[in-house]
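Raw contents of upload-v8.cif, mmCIF, C-alpha atoms and all ligand atoms:
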data_my_file
#
loop_
_atom_site.label_atom_id
_atom_site.label_comp_id
_atom_site.auth_asym_id
_atom_site.auth_seq_id
_atom_site.Cartn_x
_atom_site.Cartn_y
_atom_site.Cartn_z
CA MET A 1480 100.02 32.43 262.90
CA LYS A 1481 102.60 34.89 264.20
CA ILE A 1482 101.50 36.23 267.55
CA LEU A 1483 103.05 39.02 269.60
CA VAL A 1484 102.30 39.08 273.32
CA THR A 1485 103.46 42.01 275.45
CA GLY A 1486 103.39 41.40 279.20
CA GLY A 1487 103.48 37.64 278.57
CA ALA A 1488 105.32 36.84 281.81
CA GLY A 1489 102.63 38.54 283.88
CA PHE A 1490 99.63 37.02 285.60
CA ILE A 1491 97.08 37.14 282.74
CA GLY A 1492 99.74 37.12 279.99
CA SER A 1493 101.26 33.80 281.08
CA HIS A 1494 97.83 32.12 281.08
CA LEU A 1495 97.23 33.55 277.61
CA VAL A 1496 100.57 32.25 276.29
CA GLU A 1497 99.80 28.78 277.71
CA GLU A 1498 96.52 28.71 275.80
CA LEU A 1499 98.07 30.00 272.56
CA LEU A 1500 100.83 27.41 272.43
CA SER A 1501 100.34 25.15 269.43
CA ASP A 1502 102.32 23.94 266.43
CA GLU A 1503 100.57 26.46 264.19
CA ASN A 1504 101.47 29.48 266.33
CA GLU A 1505 104.83 31.22 266.54
CA ILE A 1506 104.84 33.44 269.61
CA LEU A 1507 107.08 36.39 270.46
CA ILE A 1508 106.84 37.62 274.04
CA PHE A 1509 108.16 40.80 275.62
CA ASP A 1510 108.17 41.37 279.35
CA ASN A 1511 110.50 43.60 281.36
CA CYS A 1512 109.60 41.70 284.57
CA LEU A 1513 108.49 44.90 286.29
CA THR A 1514 105.84 42.78 287.98
CA GLY A 1515 105.93 39.65 285.83
CA LYS A 1516 108.20 36.66 286.47
CA LYS A 1517 110.26 34.53 284.12
CA GLU A 1518 109.10 31.45 286.06
CA ASN A 1519 105.53 32.14 284.90
CA LEU A 1520 106.72 31.01 281.47
CA ASP A 1521 108.26 27.79 282.71
CA ILE A 1522 106.54 25.89 279.91
CA LYS A 1523 107.67 24.24 276.70
CA GLY A 1524 106.51 25.37 273.28
CA ASN A 1525 107.14 27.45 270.21
CA PHE A 1526 107.78 30.84 271.80
CA LYS A 1527 110.62 33.29 272.22
CA PHE A 1528 110.79 35.35 275.38
CA ILE A 1529 112.62 38.68 275.45
CA ASN A 1530 113.19 40.23 278.86
CA ASP A 1531 112.95 43.91 277.89
CA ASP A 1532 110.58 46.85 277.50
CA PHE A 1533 108.44 46.19 274.42
CA GLY A 1534 108.98 49.86 273.50
CA SER A 1535 112.79 49.91 273.53
CA THR A 1536 114.50 50.60 270.22
CA ASN A 1537 115.81 47.01 270.02
CA SER A 1538 112.40 45.52 270.83
CA LEU A 1539 110.59 47.65 268.26
CA GLU A 1540 113.11 46.56 265.61
CA GLU A 1541 112.58 42.92 266.65
CA ILE A 1542 108.79 43.39 266.38
CA GLU A 1543 109.17 44.94 262.93
CA ARG A 1544 111.24 41.94 261.79
CA PHE A 1545 108.81 39.45 263.37
CA ASN A 1546 105.88 41.07 261.53
CA PRO A 1547 103.03 39.66 263.65
CA ASN A 1548 99.52 38.77 262.45
CA ILE A 1549 98.01 39.39 265.88
CA CYS A 1550 99.18 41.48 268.83
CA PHE A 1551 97.94 40.96 272.38
CA HIS A 1552 99.02 44.06 274.27
CA LEU A 1553 98.88 43.26 277.97
CA ALA A 1554 102.09 44.86 279.22
CA ALA A 1555 101.43 47.66 281.66
CA GLN A 1556 102.55 49.25 284.83
CA SER A 1557 99.57 47.53 286.43
CA SER A 1558 99.35 49.07 289.90
CA VAL A 1559 96.97 51.96 290.66
CA VAL A 1560 98.99 52.82 293.80
CA VAL A 1561 102.29 52.97 291.87
CA SER A 1562 100.64 55.18 289.25
CA VAL A 1563 99.68 57.69 291.98
CA GLN A 1564 103.21 57.62 293.47
CA ASN A 1565 105.00 57.74 290.12
CA PRO A 1566 102.79 59.03 287.28
CA ALA A 1567 105.82 59.47 285.00
CA LEU A 1568 106.62 55.74 285.18
CA ASP A 1569 102.99 54.93 284.46
CA PHE A 1570 102.96 57.32 281.49
CA GLU A 1571 106.14 55.77 280.07
CA HIS A 1572 104.88 52.16 280.14
CA ASN A 1573 101.17 52.73 279.64
CA ILE A 1574 101.12 55.51 277.04
CA LEU A 1575 104.48 56.31 275.42
CA GLN A 1576 105.68 52.78 274.70
CA PRO A 1577 102.23 51.62 273.47
CA ILE A 1578 102.13 54.56 270.99
CA LYS A 1579 105.46 53.42 269.54
CA LEU A 1580 104.15 49.84 269.36
CA ILE A 1581 101.01 50.89 267.46
CA GLN A 1582 103.16 52.84 264.98
CA ILE A 1583 105.14 49.67 264.25
CA LEU A 1584 101.99 47.52 264.02
CA LEU A 1585 100.50 49.92 261.48
CA LYS A 1586 103.48 49.24 259.20
CA SER A 1587 103.22 45.45 259.67
CA ASN A 1588 100.90 42.64 258.55
CA CYS A 1589 99.12 42.81 261.88
CA LYS A 1590 95.35 42.53 261.45
CA LYS A 1591 94.30 42.66 265.10
CA LEU A 1592 95.39 44.46 268.25
CA VAL A 1593 93.81 43.14 271.45
CA PHE A 1594 94.27 45.52 274.38
CA THR A 1595 93.47 44.83 278.02
CA SER A 1596 91.87 48.01 279.28
CA SER A 1597 90.21 48.37 282.63
CA GLY A 1598 86.52 48.31 283.51
CA GLY A 1599 86.99 49.54 287.07
CA THR A 1600 89.50 52.37 286.88
CA ILE A 1601 89.04 54.28 283.63
CA PHE A 1602 85.88 55.89 284.92
CA GLY A 1603 84.84 57.24 288.30
CA GLU A 1604 82.00 55.93 290.49
CA PRO A 1605 79.45 54.43 288.06
CA THR A 1606 75.92 55.82 287.99
CA THR A 1607 74.46 52.72 286.31
CA ILE A 1608 74.89 49.23 287.77
CA PRO A 1609 75.83 46.93 286.13
CA THR A 1610 77.81 49.36 283.99
CA ALA A 1611 77.52 48.99 280.21
CA GLU A 1612 80.03 50.29 277.66
CA GLU A 1613 77.93 53.41 276.91
CA ASP A 1614 77.38 54.23 280.59
CA TYR A 1615 80.96 55.30 281.18
CA ALA A 1616 80.94 59.03 281.77
CA ASP A 1617 83.03 60.25 284.67
CA GLU A 1618 86.73 60.94 284.60
CA PRO A 1619 89.25 58.44 285.99
CA GLU A 1620 90.55 58.91 289.52
CA SER A 1621 94.15 57.71 289.08
CA PRO A 1622 96.98 58.19 286.57
CA TYR A 1623 96.57 54.46 285.78
CA GLY A 1624 92.93 55.08 284.84
CA VAL A 1625 93.85 58.17 282.81
CA ALA A 1626 96.49 56.22 280.87
CA LYS A 1627 94.12 53.33 280.11
CA LYS A 1628 91.36 55.70 278.99
CA ARG A 1629 93.70 57.80 276.84
CA LEU A 1630 95.27 54.72 275.25
CA ASN A 1631 91.78 53.48 274.36
CA GLU A 1632 91.21 56.77 272.54
CA LEU A 1633 94.64 56.70 270.87
CA ILE A 1634 94.10 53.16 269.61
CA LYS A 1635 90.81 54.23 268.02
CA ILE A 1636 92.32 57.35 266.44
CA MET A 1637 95.59 55.80 265.27
CA THR A 1638 94.00 52.71 263.67
CA LYS A 1639 91.23 54.64 261.89
CA ASP A 1640 91.19 53.93 258.13
CA SER A 1641 93.90 51.27 258.50
CA ASN A 1642 93.92 47.48 258.14
CA LEU A 1643 94.62 47.13 261.84
CA LYS A 1644 91.44 46.33 263.77
CA TYR A 1645 91.28 46.59 267.55
CA SER A 1646 89.54 44.85 270.44
CA ILE A 1647 89.64 47.00 273.54
CA LEU A 1648 88.48 44.80 276.38
CA ASN A 1649 87.56 46.46 279.67
CA LEU A 1650 88.39 43.79 282.23
CA SER A 1651 86.72 43.67 285.63
CA ASN A 1652 88.64 42.25 288.65
CA VAL A 1653 90.57 39.28 287.31
CA TYR A 1654 91.73 36.56 289.70
CA GLY A 1655 93.38 33.16 289.46
CA PRO A 1656 96.60 31.20 289.95
CA ARG A 1657 99.86 33.19 289.61
CA GLN A 1658 98.32 36.44 290.80
CA ASP A 1659 100.70 37.86 293.37
CA PRO A 1660 99.16 37.18 296.82
CA HIS A 1661 101.58 39.70 298.36
CA GLY A 1662 100.64 42.56 296.02
CA GLU A 1663 98.06 45.27 296.66
CA ALA A 1664 95.66 44.06 293.95
CA GLY A 1665 94.08 40.66 293.62
CA VAL A 1666 91.99 40.44 296.75
CA VAL A 1667 91.02 36.80 296.04
CA SER A 1668 94.67 35.67 296.11
CA ILE A 1669 95.47 37.90 299.08
CA PHE A 1670 92.56 36.59 301.18
CA ALA A 1671 93.12 32.96 300.14
CA ASN A 1672 96.77 33.24 301.14
CA LYS A 1673 95.80 34.73 304.51
CA TYR A 1674 93.26 31.97 305.29
CA LEU A 1675 95.77 29.34 304.23
CA ASN A 1676 98.30 30.76 306.71
CA ASN A 1677 95.71 31.20 309.48
CA GLU A 1678 96.07 34.99 309.37
CA GLU A 1679 93.29 37.59 309.39
CA PRO A 1680 92.51 39.17 306.02
CA ILE A 1681 92.30 42.98 306.13
CA ILE A 1682 89.18 44.71 304.83
CA TYR A 1683 89.43 48.44 304.13
CA GLY A 1684 86.25 50.33 305.02
CA ASP A 1685 83.04 48.50 305.97
CA GLY A 1686 83.45 45.74 303.37
CA ALA A 1687 80.20 46.69 301.59
CA GLN A 1688 82.14 47.80 298.49
CA THR A 1689 81.44 45.49 295.57
CA ARG A 1690 83.50 44.11 292.72
CA ASP A 1691 82.99 41.85 289.70
CA TYR A 1692 85.43 38.94 290.07
CA ILE A 1693 86.24 37.10 286.84
CA TYR A 1694 88.40 34.00 286.59
CA VAL A 1695 91.54 34.37 284.47
CA LYS A 1696 90.68 31.47 282.12
CA ASP A 1697 87.40 33.15 281.19
CA VAL A 1698 89.36 36.30 280.35
CA VAL A 1699 91.83 34.36 278.20
CA THR A 1700 88.96 32.79 276.24
CA ALA A 1701 87.54 36.27 275.58
CA LEU A 1702 90.95 37.63 274.50
CA ILE A 1703 91.49 34.79 272.02
CA LYS A 1704 87.95 34.94 270.62
CA ALA A 1705 88.32 38.70 270.12
CA SER A 1706 91.65 38.22 268.32
CA LEU A 1707 90.01 36.05 265.66
CA ILE A 1708 87.24 38.48 264.73
CA ASP A 1709 88.00 40.98 261.99
CA GLU A 1710 86.09 43.88 263.58
CA ASN A 1711 86.67 46.70 266.03
CA HIS A 1712 85.40 46.07 269.57
CA PHE A 1713 85.00 48.07 272.74
CA LEU A 1714 83.68 45.50 275.19
CA ASN A 1715 83.27 44.84 278.90
CA ILE A 1716 84.67 41.53 280.07
CA GLY A 1717 83.18 40.74 283.46
CA THR A 1718 80.70 38.33 285.02
CA GLY A 1719 77.90 40.83 285.71
CA VAL A 1720 77.82 39.40 289.26
CA GLU A 1721 78.33 41.87 292.11
CA THR A 1722 80.11 40.53 295.19
CA SER A 1723 80.87 42.56 298.31
CA VAL A 1724 84.24 42.20 299.99
CA ASN A 1725 82.40 40.97 303.12
CA ASP A 1726 80.66 38.24 301.10
CA LEU A 1727 83.95 37.27 299.48
CA ALA A 1728 85.64 36.94 302.89
CA ASN A 1729 82.71 34.90 304.26
CA SER A 1730 82.67 32.48 301.30
CA MET A 1731 86.41 31.97 301.66
CA LYS A 1732 86.14 31.41 305.38
CA MET A 1733 83.58 28.64 304.72
CA GLN A 1734 85.52 27.26 301.78
CA PHE A 1735 88.70 26.95 303.86
CA ASN A 1736 86.83 25.83 306.95
CA SER A 1737 88.46 28.63 308.89
CA GLN A 1738 87.47 30.22 312.21
CA ILE A 1739 89.35 33.43 311.44
CA ASN A 1740 87.50 36.73 311.00
CA PRO A 1741 88.72 39.71 308.96
CA ILE A 1742 90.21 42.85 310.52
CA TYR A 1743 88.62 46.15 309.46
CA ASN A 1744 90.94 49.08 308.66
CA PRO A 1745 89.93 52.62 307.54
CA ALA A 1746 88.68 52.91 303.94
CA ARG A 1747 91.27 53.74 301.28
CA GLU A 1748 90.84 57.03 299.48
CA GLY A 1749 89.56 56.89 295.93
CA GLU A 1750 88.21 53.33 296.12
CA LEU A 1751 85.01 52.78 294.14
CA LYS A 1752 81.97 51.81 296.21
CA ARG A 1753 80.45 49.60 293.53
CA SER A 1754 81.89 48.08 290.40
CA VAL A 1755 80.20 45.47 288.22
CA LEU A 1756 80.21 45.24 284.45
CA ASN A 1757 77.36 44.56 282.08
CA ASN A 1758 78.73 41.88 279.74
CA THR A 1759 75.75 41.56 277.37
CA LYS A 1760 77.60 43.04 274.41
CA ALA A 1761 80.64 40.75 274.83
CA LYS A 1762 78.34 37.73 275.03
CA GLU A 1763 76.75 38.73 271.72
CA ASP A 1764 79.79 39.99 269.82
CA LEU A 1765 82.25 37.30 270.91
CA ASN A 1766 79.83 34.42 271.45
CA TRP A 1767 81.44 34.16 274.86
CA LYS A 1768 80.30 33.83 278.44
CA PRO A 1769 82.09 33.33 281.74
CA GLU A 1770 82.16 29.64 282.69
CA TYR A 1771 83.72 29.76 286.15
CA SER A 1772 81.69 30.54 289.27
CA LEU A 1773 83.51 32.38 292.06
CA ASP A 1774 83.45 29.19 294.17
CA THR A 1775 85.06 27.10 291.41
CA GLY A 1776 87.67 29.75 290.70
CA MET A 1777 88.47 30.19 294.39
CA LYS A 1778 89.15 26.46 294.71
CA GLU A 1779 91.65 26.70 291.84
CA VAL A 1780 93.43 29.59 293.56
CA PHE A 1781 93.49 27.69 296.83
CA ASN A 1782 94.95 24.56 295.16
CA TRP A 1783 97.60 26.66 293.43
CA LEU A 1784 98.63 28.42 296.64
CA ARG A 1785 98.86 25.07 298.42
CA THR A 1786 101.28 23.68 295.87
N1 LIG A 1801 94.32 41.86 286.85
C1 LIG A 1801 93.25 42.61 286.68
O1 LIG A 1801 92.29 42.54 287.47
C2 LIG A 1801 93.16 43.57 285.52
C3 LIG A 1801 91.98 44.33 285.37
C4 LIG A 1801 91.89 45.22 284.31
C5 LIG A 1801 92.94 45.35 283.40
N2 LIG A 1801 94.09 44.61 283.59
C6 LIG A 1801 95.17 44.78 282.62
O2 LIG A 1801 95.55 43.51 282.12
C7 LIG A 1801 96.93 43.50 281.78
C8 LIG A 1801 97.62 42.36 282.49
O3 LIG A 1801 97.45 42.54 283.90
P1 LIG A 1801 97.97 41.51 284.99
O4 LIG A 1801 96.97 41.47 286.07
O5 LIG A 1801 98.40 40.25 284.33
O6 LIG A 1801 99.21 42.32 285.56
P2 LIG A 1801 100.77 41.97 285.56
O7 LIG A 1801 101.43 43.10 286.28
O8 LIG A 1801 100.98 40.59 286.07
O9 LIG A 1801 101.11 42.00 284.01
C9 LIG A 1801 101.65 43.12 283.33
C10 LIG A 1801 102.99 42.67 282.75
O10 LIG A 1801 103.54 43.71 281.96
C11 LIG A 1801 104.96 43.74 282.19
N3 LIG A 1801 105.41 45.07 281.77
C12 LIG A 1801 105.12 46.28 282.31
N4 LIG A 1801 105.64 47.27 281.56
C13 LIG A 1801 106.29 46.68 280.52
C14 LIG A 1801 107.02 47.15 279.41
N5 LIG A 1801 107.17 48.46 279.18
N6 LIG A 1801 107.57 46.26 278.54
C15 LIG A 1801 107.41 44.92 278.74
N7 LIG A 1801 106.72 44.41 279.77
C16 LIG A 1801 106.15 45.27 280.65
C17 LIG A 1801 105.09 43.42 283.68
O11 LIG A 1801 106.36 42.97 284.04
C18 LIG A 1801 104.02 42.34 283.83
O12 LIG A 1801 104.54 41.06 283.58
C19 LIG A 1801 97.47 44.88 282.20
O13 LIG A 1801 97.44 45.71 281.05
C20 LIG A 1801 96.44 45.35 283.21
O14 LIG A 1801 96.41 46.76 283.28
C21 LIG A 1801 94.22 43.73 284.62
#
Take the structure I supplied and represent it as structure tokens, if you would.
Amino acid sequence: MKILVTGGAGFIGSHLVEELLSDENEILIFDNCLTGKKENLDIKGNFKFINDDFGSTNSLEEIERFNPNICFHLAAQSSVVVSVQNPALDFEHNILQPIKLIQILLKSNCKKLVFTSSGGTIFGEPTTIPTAEEDYADEPESPYGVAKKRLNELIKIMTKDSNLKYSILNLSNVYGPRQDPHGEAGVVSIFANKYLNNEEPIIYGDGAQTRDYIYVKDVVTALIKASLIDENHFLNIGTGVETSVNDLANSMKMQFNSQINPIYNPAREGELKRSVLNNTKAKEDLNWKPEYSLDTGMKEVFNWLRT
């Protein structure tokens, strides 16, 4: 199978590539290393890595020649904060280039486009908890959320009446090895790194805000299962388990046998109070369920940071 992966040198993308590697698969990866790292692909296997925008003229020509059977589109300007500071950059990577990619895919043999959308940012504060696919109503609160939501709509419109099926997967808060512990997202990595270095983790607000933390390998399993089904999907990929930031910090403190307590800073504007996804539909449609508990996943992050 010929598989195209955009954003393959990123956190989730590199785990996906690792899982896809096999003699039967020929993999073409694009990553401009905006946030991804070449070292994330320090693995052997049948793949070609191109360090460029997937939407550059050269890349689009390369994709046309490659003629993929499946496309995993993960590349994105992935920071909400950056999208607020520089909406034009976000628009370029998260809307304009993906439109050009879809146009090429529509002319190719590609049967499936799997897109990593966002369960937490494309809609405002949820009114139903856990939030199901049909509960999404409010407007996004960041350019990142706007771009994800609009691209979801564009994918649906552009692929209508074509042979290209889509799986739009709304991911909750993904965590795991290779997530940047110095970034502004990925609270599990950030806290684990702090405890490991005997530093206080910082909690913004009162710490009662909740999130749905899903381990990266569970996400990769969902992405691959979705890619093999010849149907359109719009699905939430989360655990359905709501964890407050305070509870997360406490579990980590115990896990790492630490005496250190978090520091509380003022709440950040625009942060959702609660976010947890209803994953019933994904369980049914993909025959998938999350396998990793937060404790098990946290241990994996801790071991990775140690090494
Ligand atoms: N991590 C999460 O919790 C989460 C939640 C919801 C959705 N997502 C989505 O999942 C995808 C992967 O996220 P991640 O956490 O691995 O982030 P990431 O930043 O590690 O991965 C995104 C990758 O895309 C690359 N990239 C950006 N623009 C590009 C372009 N124009 N051409 C080629 N490469 C480009 C970056 O260099 C990076 O490697 C993103 O689309 C993100 O929006 C992530």
3 Å per side around ligand LIG 1801 (chain A): axis-aligned box centre and edge lengths, as AutoDock Vina command-line options:
--center_x 99.7 --center_y 44.4 --center_z 283.0 --size_x 21.7 --size_y 14.2 --size_z 14.9
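The interatomic distance for the pair atom CA of A:Gly1486 and atom CA of A:Ser1587 works out to 19.9 Å.
Shortest atom-to-atom contact with A:Ala1671 among A:Met1777, A:Leu1756, A:Ile1608, A:Leu1643: A:Met1777, counting only C-alpha atoms.
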What are the closest atom pairs, with distances in Å to one decimal, for each residue of chain A lying within 7 Å of ligand LIG 1801 (chain A), using only C-alpha atoms and all ligand atoms, rows by chain and rising residue number, as a tab-separated table?
residue	atom	partner	partner_atom	distance
A:Thr1485	CA	A:LIG1801	C15	5.9
A:Gly1486	CA	A:LIG1801	O10	3.6
A:Gly1487	CA	A:LIG1801	O12	6.2
A:Ala1488	CA	A:LIG1801	O12	4.6
A:Gly1489	CA	A:LIG1801	O12	3.2
A:Phe1490	CA	A:LIG1801	O5	3.7
A:Ile1491	CA	A:LIG1801	O5	3.7
A:Gly1492	CA	A:LIG1801	O5	5.5
A:Phe1509	CA	A:LIG1801	C15	5.2
A:Asp1510	CA	A:LIG1801	N7	3.4
A:Asn1511	CA	A:LIG1801	N7	4.2
A:Cys1512	CA	A:LIG1801	O11	3.5
A:Leu1513	CA	A:LIG1801	O11	3.7
A:Thr1514	CA	A:LIG1801	O11	4.0
A:Gly1515	CA	A:LIG1801	O12	3.0
A:Lys1516	CA	A:LIG1801	O12	6.4
A:Asp1531	CA	A:LIG1801	C15	5.7
A:Asp1532	CA	A:LIG1801	N6	3.2
A:Phe1533	CA	A:LIG1801	N6	4.2
A:Gly1534	CA	A:LIG1801	N5	6.1
A:Leu1553	CA	A:LIG1801	O13	4.2
A:Ala1554	CA	A:LIG1801	O10	3.3
A:Ala1555	CA	A:LIG1801	C12	4.0
A:Gln1556	CA	A:LIG1801	C12	4.7
A:Ser1557	CA	A:LIG1801	O14	4.5
A:His1572	CA	A:LIG1801	N5	4.5
A:Gln1576	CA	A:LIG1801	N5	6.4
A:Thr1595	CA	A:LIG1801	O2	4.8
A:Ser1596	CA	A:LIG1801	C5	5.0
A:Ser1597	CA	A:LIG1801	C4	3.9
A:Gly1598	CA	A:LIG1801	C4	6.2
A:Asn1649	CA	A:LIG1801	C4	6.5
A:Leu1650	CA	A:LIG1801	C4	4.3
A:Ser1651	CA	A:LIG1801	C3	5.3
A:Asn1652	CA	A:LIG1801	O1	3.8
A:Val1653	CA	A:LIG1801	O1	3.7
A:Tyr1654	CA	A:LIG1801	O1	6.4
A:Gln1658	CA	A:LIG1801	O8	6.8
A:Gly1665	CA	A:LIG1801	O1	6.7
*State, in Å with one decimal place, the distance from atom CA of A:Tyr1683 to atom CA of A:Gly1749.*
11.8 Å
*Using only C-alpha atoms, which residues sit within 8 Å of A:Leu1584 once same-chain residues fewer than 5 positions away are excluded, as a PyMOL selection string?*
chain A and resi 1543+1546-1547+1589+1643
For the residues in the current selection, export C-alpha atoms as a short mmCIF file (atom, residue, chain, number, x, y, z; two decimals), in the frame of the given file.
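Result saved to selection.cif:
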data_model
loop_
_atom_site.label_atom_id
_atom_site.label_comp_id
_atom_site.auth_asym_id
_atom_site.auth_seq_id
_atom_site.Cartn_x
_atom_site.Cartn_y
_atom_site.Cartn_z
CA GLU A 1543 109.17 44.94 262.93
CA ASN A 1546 105.88 41.07 261.53
CA PRO A 1547 103.03 39.66 263.65
CA CYS A 1589 99.12 42.81 261.88
CA LEU A 1643 94.62 47.13 261.84
#
_Atomic separation - atom CA of A:Ser1562 relative to atom CA of A:Arg1753, Å_ =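 Atom-to-atom, atom CA of A:Arg1753 and atom CA of A:Ser1562 are spaced 21.4 Å apart.
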*If you count only C-alpha atoms, which residues fall within 10 Å of A:Glu1710, apart from same-chain ones fewer than 2 positions away, as number ranges by chain?*
A: 1590-1591, 1643-1646, 1705-1708, 1712, 1764
*Could you name the residues that touch A:Leu1630 at 8 Å or less, counting all atoms listed in the file, but leaving out those on the same chain fewer than 2 positions away, as a list in words?*
Asn1573, Ile1574, Pro1577, Ala1626, Lys1627, Lys1628, Glu1632, Leu1633 and Ile1634 of chain A
*Give the answer as one residue: which of A:Lys1696, A:Lys1523, A:Arg1747, A:Lys1481 has the shortest atom-to-atom distance to A:Pro1769, using all atoms listed in the file?*
A:Lys1696
*Compare A:Thr1638, A:Thr1606, A:Asn1548, A:Asn1537 by their minimum atom-to-atom distance to A:Ile1581, counting only C-alpha atoms, and give me the closest one.*
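With only C-alpha atoms as the atom set, the closest residue is A:Thr1638.
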*Measuring atom to atom with all atoms listed in the file, identify which of A:Pro1609, A:Gly1719, A:Gly1524, A:Pro1741 is nearest to A:Pro1680.*
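Closest candidate: A:Pro1741.
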*Leaving out A:Ile1742 and any residue of its chain fewer than 4 positions from it, which residues lie within 8 Å of it when counting only C-alpha atoms, given as a list in words?*
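That gives Glu1679, Pro1680, Ile1681 and Ile1682 of chain A.
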_Of the listed residues A:Ser1754, A:Ser1538, A:Asn1525, A:Ser1621, that which approaches A:Val1563 most closely, counting all atoms listed in the file_ =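 Using all atoms listed in the file, the shortest distance to A:Val1563 belongs to A:Ser1621.
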_Pick from A:Val1667, A:Leu1751, A:Ala1746, A:Val1695, whichever lies nearest to A:Leu1727 using all atoms listed in the file_ = A:Val1667
